[in-house]
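Chemist: Here you go, protein-v7.pdb (PDB, C-alpha atoms):
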```pdb
ATOM      1  CA  MET A   1     215.267 317.076  -0.743
ATOM      2  CA  LYS A   2     215.428 319.225   2.392
ATOM      3  CA  LYS A   3     213.108 321.800   0.754
ATOM      4  CA  LEU A   4     210.644 319.059  -0.168
ATOM      5  CA  ILE A   5     210.567 317.719   3.388
ATOM      6  CA  THR A   6     210.148 321.236   4.789
ATOM      7  CA  THR A   7     207.325 321.962   2.330
ATOM      8  CA  LEU A   8     205.558 318.688   3.108
ATOM      9  CA  GLY A   9     205.906 319.361   6.835
ATOM     10  CA  LEU A  10     204.404 322.835   6.387
ATOM     11  CA  VAL A  11     201.505 321.507   4.303
ATOM     12  CA  PHE A  12     200.791 318.749   6.852
ATOM     13  CA  GLY A  13     200.992 321.289   9.687
ATOM     14  CA  LEU A  14     198.488 323.555   7.937
ATOM     15  CA  TYR A  15     196.244 320.535   7.334
ATOM     16  CA  LEU A  16     196.290 319.750  11.073
ATOM     17  CA  ILE A  17     195.556 323.369  11.938
ATOM     18  CA  GLY A  18     192.544 323.331   9.648
ATOM     19  CA  PHE A  19     190.986 320.398  11.455
ATOM     20  CA  SER A  20     192.137 320.886  15.026
ATOM     21  CA  GLN A  21     189.600 323.533  16.022
ATOM     22  CA  GLU A  22     186.077 322.596  17.086
ATOM     23  CA  TYR A  23     183.104 324.712  16.044
ATOM     24  CA  LEU A  24     179.773 325.317  17.760
ATOM     25  CA  GLN A  25     178.266 326.124  14.392
ATOM     26  CA  LYS A  26     179.563 327.049  10.953
ATOM     27  CA  ASP A  27     181.096 330.410  11.870
ATOM     28  CA  ILE A  28     181.520 330.255  15.661
ATOM     29  CA  ILE A  29     184.638 328.596  17.074
ATOM     30  CA  LYS A  30     184.206 326.649  20.302
ATOM     31  CA  LEU A  31     186.010 328.271  23.233
ATOM     32  CA  SER A  32     186.194 326.610  26.622
ATOM     33  CA  GLU A  33     188.181 328.899  28.895
ATOM     34  CA  ILE A  34     189.135 332.480  29.638
ATOM     35  CA  SER A  35     192.827 333.320  29.532
ATOM     36  CA  THR A  36     194.558 334.064  32.822
ATOM     37  CA  ASN A  37     196.994 336.348  30.992
ATOM     38  CA  LYS A  38     195.609 339.904  31.035
ATOM     39  CA  LYS A  39     197.750 340.795  27.989
ATOM     40  CA  TYR A  40     196.406 337.923  25.833
ATOM     41  CA  GLY A  41     195.060 339.586  22.692
ATOM     42  CA  TYR A  42     195.451 343.104  24.096
ATOM     43  CA  SER A  43     199.201 343.257  23.486
ATOM     44  CA  LYS A  44     200.965 343.138  20.131
ATOM     45  CA  LYS A  45     203.456 340.852  21.849
ATOM     46  CA  LYS A  46     200.740 338.394  22.948
ATOM     47  CA  PRO A  47     198.325 338.173  19.981
ATOM     48  CA  ILE A  48     195.580 335.586  19.625
ATOM     49  CA  LYS A  49     196.901 332.991  17.160
ATOM     50  CA  THR A  50     193.957 331.714  15.113
ATOM     51  CA  GLY A  51     195.857 330.036  12.263
ATOM     52  CA  SER A  52     193.941 331.726   9.428
ATOM     53  CA  ILE A  53     192.274 334.997   8.561
ATOM     54  CA  GLU A  54     188.881 333.285   8.227
ATOM     55  CA  LYS A  55     189.240 331.839  11.715
ATOM     56  CA  GLU A  56     189.878 335.333  13.069
ATOM     57  CA  TYR A  57     186.245 336.139  12.238
ATOM     58  CA  HIS A  58     185.014 332.811  13.616
ATOM     59  CA  PHE A  59     186.899 333.509  16.851
ATOM     60  CA  LEU A  60     185.478 337.038  17.144
ATOM     61  CA  ASN A  61     181.962 335.656  16.515
ATOM     62  CA  ALA A  62     182.376 333.494  19.630
ATOM     63  CA  LEU A  63     183.046 336.441  21.956
ATOM     64  CA  ARG A  64     180.412 338.059  24.148
ATOM     65  CA  GLY A  65     180.511 340.801  26.751
ATOM     66  CA  PRO A  66     180.781 339.921  30.453
ATOM     67  CA  ASN A  67     176.994 339.529  30.730
ATOM     68  CA  GLY A  68     176.526 337.827  27.361
ATOM     69  CA  GLU A  69     176.227 341.055  25.353
ATOM     70  CA  LYS A  70     176.726 340.772  21.616
ATOM     71  CA  VAL A  71     180.138 342.067  20.565
ATOM     72  CA  LYS A  72     180.630 344.423  17.631
ATOM     73  CA  TYR A  73     183.975 344.315  15.877
ATOM     74  CA  VAL A  74     185.601 346.370  13.176
ATOM     75  CA  ARG A  75     188.876 345.439  11.530
ATOM     76  CA  GLN A  76     191.269 348.366  11.801
ATOM     77  CA  GLY A  77     193.875 346.920   9.455
ATOM     78  CA  SER A  78     197.178 345.098   9.583
ATOM     79  CA  CYS A  79     200.150 346.089  11.675
ATOM     80  CA  CYS A  80     203.188 344.886  13.491
ATOM     81  CA  PRO A  81     205.251 342.794  11.029
ATOM     82  CA  PHE A  82     206.962 339.705  12.445
ATOM     83  CA  ARG A  83     209.043 336.795  11.169
ATOM     84  CA  CYS A  84     206.905 333.845  10.222
ATOM     85  CA  LYS A  85     207.862 330.713   8.269
ATOM     86  CA  SER A  86     204.294 330.062   7.105
ATOM     87  CA  ALA A  87     203.786 333.573   5.647
ATOM     88  CA  ALA A  88     204.755 334.713   2.173
ATOM     89  CA  PHE A  89     208.351 335.963   2.117
ATOM     90  CA  GLY A  90     208.734 334.927   5.760
ATOM     91  CA  LYS A  91     206.920 337.969   7.148
ATOM     92  CA  GLY A  92     203.477 338.009   8.760
ATOM     93  CA  PHE A  93     201.308 340.845  10.046
ATOM     94  CA  LEU A  94     198.906 341.074  12.951
ATOM     95  CA  ASP A  95     195.324 342.202  12.389
ATOM     96  CA  ALA A  96     193.953 344.824  14.767
ATOM     97  CA  TYR A  97     190.223 344.784  15.602
ATOM     98  CA  GLN A  98     188.220 347.282  17.634
ATOM     99  CA  LEU A  99     185.643 345.522  19.791
ATOM    100  CA  SER A 100     182.757 346.967  21.740
ATOM    101  CA  TYR A 101     179.544 345.879  23.371
ATOM    102  CA  GLU A 102     176.632 347.780  24.896
ATOM    103  CA  GLY A 103     177.667 349.374  28.169
ATOM    104  CA  GLY A 104     181.357 348.545  27.734
ATOM    105  CA  LYS A 105     184.391 350.439  26.572
ATOM    106  CA  THR A 106     185.934 349.953  23.141
ATOM    107  CA  VAL A 107     189.107 347.862  23.144
ATOM    108  CA  THR A 108     191.609 346.708  20.531
ATOM    109  CA  LEU A 109     192.539 343.063  20.130
ATOM    110  CA  TYR A 110     195.467 341.798  18.052
ATOM    111  CA  LEU A 111     195.066 338.558  16.102
ATOM    112  CA  ASN A 112     197.635 336.485  14.235
ATOM    113  CA  GLY A 113     196.149 334.596  11.285
ATOM    114  CA  TYR A 114     199.442 332.915  10.337
ATOM    115  CA  GLU A 115     200.167 330.868  13.453
ATOM    116  CA  TYR A 116     197.970 328.748  15.678
ATOM    117  CA  GLU A 117     197.811 327.933  19.366
ATOM    118  CA  ASP A 118     194.895 326.772  21.479
ATOM    119  CA  LEU A 119     192.396 329.603  21.590
ATOM    120  CA  LYS A 120     191.136 331.181  24.789
ATOM    121  CA  CYS A 121     188.758 333.999  25.530
ATOM    122  CA  PRO A 122     190.502 337.286  26.421
ATOM    123  CA  VAL A 123     190.045 338.685  29.936
ATOM    124  CA  GLY A 124     186.966 340.939  30.090
ATOM    125  CA  PHE A 125     184.895 338.849  27.671
ATOM    126  CA  THR A 126     182.823 335.680  27.846
ATOM    127  CA  PHE A 127     182.019 333.319  24.996
ATOM    128  CA  VAL A 128     179.182 331.472  23.316
ATOM    129  CA  THR A 129     178.570 328.068  24.914
ATOM    130  CA  PRO A 130     176.985 324.902  23.501
ATOM    131  CA  ASP A 131     173.972 325.463  25.796
ATOM    132  CA  MET A 132     173.459 328.934  24.313
ATOM    133  CA  ILE A 133     173.437 327.445  20.809
ATOM    134  CA  LYS A 134     170.986 324.679  21.817
ATOM    135  CA  SER A 135     168.611 327.099  23.511
ATOM    136  CA  GLY A 136     168.874 329.658  20.718
ATOM    137  CA  SER A 137     169.841 332.350  23.228
ATOM    138  CA  SER A 138     173.113 333.217  21.491
ATOM    139  CA  VAL A 139     172.781 336.005  18.994
ATOM    140  CA  HIS A 140     174.190 334.663  15.750
ATOM    141  CA  GLY A 141     177.273 336.292  14.279
ATOM    142  CA  PRO A 142     178.799 339.735  14.572
ATOM    143  CA  LEU A 143     177.046 343.070  14.332
ATOM    144  CA  SER A 144     179.823 344.346  12.093
ATOM    145  CA  GLN A 145     182.611 342.968   9.984
ATOM    146  CA  LYS A 146     183.411 346.253   8.292
ATOM    147  CA  THR A 147     186.976 347.259   7.753
ATOM    148  CA  ASN A 148     188.453 350.701   8.128
ATOM    149  CA  ALA A 149     191.597 349.680   6.283
ATOM    150  CA  GLY A 150     192.227 351.814   3.249
ATOM    151  CA  LYS A 151     190.364 354.876   4.493
TER     152      LYS A 151
END
```
Here is the file; what I need is its structure written in the form of structure tokens.

Modeler:
Amino acid sequence: MKKLITTLGLVFGLYLIGFSQEYLQKDIIKLSEISTNKKYGYSKKKPIKTGSIEKEYHFLNALRGPNGEKVKYVRQGSCCPFRCKSAAFGKGFLDAYQLSYEGGKTVTLYLNGYEYEDLKCPVGFTFVTPDMIKSGSSVHGPLSQKTNAGK
């Protein structure tokens, strides 16, 4: 019985995660603030918790450079195993992405697709706003979703 209750709780929790995030459009998550923590996303110990692998891409699509520049991102692969009840066999992995934009330096962000917490924009980036979508001034989607994993 305890396993059944735990399983139902996990399923319900995942259901809530799936519907708790607002979108500006199909593949761009709505962000509303920039993190005050300079390590948010830049540190393996403070990853961005999107709740699913698909939402990692939707989150990255929402990012822009400090002056609205389109951000390129390339998945570098998985790293940094951690204990996680919602992952198979109780172990999750972070995904590392290299991000760059014209005139800026390349940085690595760490995302956790197994757990969710309210999403914020990492320090050094801005994000797509509803006004940008309405005016058509946001450039749709990423320049790159290529992966270097398996090279």

Chemist: Quick one: apply the PyMOL selection byres ((chain A and resi 31) around 9) to the file and drop the selected residues here as a VMD selection string.

Modeler: chain A and resid 22 to 24 29 to 30 32 to 34 59 62 to 63 119 to 121 127 to 129

Chemist: If you measure from atom CA of A:Ala88 to atom CA of A:His58, what distance in Å do you get, rounded to one decimal?

Modeler: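 Rounded to one decimal, the two atoms are 22.9 Å apart.
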
Chemist: When you draw a straight line from atom CA of A:Tyr110 to atom CA of A:Asp95, how long is it in Å?

Modeler: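 Atom CA of A:Asp95 lies at a distance of 5.7 Å from atom CA of A:Tyr110.
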
Chemist: So, counting all atoms listed in the file, which residue among A:Ser135, A:Thr36, A:Thr50, A:Asn61 is closest to A:Tyr114?

Modeler: A:Thr50

Chemist: Between atom CA of A:Arg75 and atom CA of A:Ala96, what is the distance, to one decimal in Å?

Modeler: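 Distance between the two atoms: 6.1 Å.
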
Chemist: Find, counting all atoms listed in the file, the residue in A:Gly90, A:Lys134, A:Arg64, A:Thr108 that gets nearest to A:Gly77.

Modeler: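 Closest candidate: A:Thr108.
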
Chemist: Might I get the box with edges along x, y and z of the file that holds all atoms of stretch 64-68 of chain A listed there, padded by 8 Å on every side, given as centre and edge lengths in Å to one decimal, as JSON?

Modeler:
```
{"center_x": 178.7, "center_y": 339.3, "center_z": 27.4, "size_x": 20.3, "size_y": 19.0, "size_z": 22.6}
```

Chemist: Can you list, as a ChimeraX atom specification, every protein, DNA or RNA residue that comes within 8 Å of A:Leu109 when you count all atoms listed in the file, leaving out same-chain residues fewer than 2 positions away?

Modeler: /A:41-43,47,96-99,107,111

Chemist: Okay, now the selection with C-alpha atoms, as a PDB file, in the frame of the given file?

Modeler:
```pdb
ATOM      1  CA  GLY A  41     195.060 339.586  22.692  1.00  0.00           C
ATOM      2  CA  TYR A  42     195.451 343.104  24.096  1.00  0.00           C
ATOM      3  CA  SER A  43     199.201 343.257  23.486  1.00  0.00           C
ATOM      4  CA  PRO A  47     198.325 338.173  19.981  1.00  0.00           C
ATOM      5  CA  ALA A  96     193.953 344.824  14.767  1.00  0.00           C
ATOM      6  CA  TYR A  97     190.223 344.784  15.602  1.00  0.00           C
ATOM      7  CA  GLN A  98     188.220 347.282  17.634  1.00  0.00           C
ATOM      8  CA  LEU A  99     185.643 345.522  19.791  1.00  0.00           C
ATOM      9  CA  VAL A 107     189.107 347.862  23.144  1.00  0.00           C
ATOM     10  CA  LEU A 111     195.066 338.558  16.102  1.00  0.00           C
TER      11      LEU A 111
END
```

Chemist: Evaluated on this file, the PyMOL selection byres ((chain A and resi 53) around 12) picks out some residues - which ones are they, written as a PyMOL selection string?

Modeler: chain A and resi 18+48-52+54-60+75+78+87+92-96+111-116

Chemist: Given the choices A:Gly124, A:Glu69, A:Gly136, A:Asp131, which gets closest to A:Asn37 if the distance is worked out from all atoms listed in the file?

Modeler: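 That would be A:Gly124, the residue with the smallest distance to A:Asn37.
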
Chemist: When distances are computed from all atoms listed in the file, which of A:Lys46, A:Asn67, A:Thr126, A:Ser100 shows the smallest separation from A:Cys80?

Modeler: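 The answer is A:Lys46, which sits nearest to A:Cys80.
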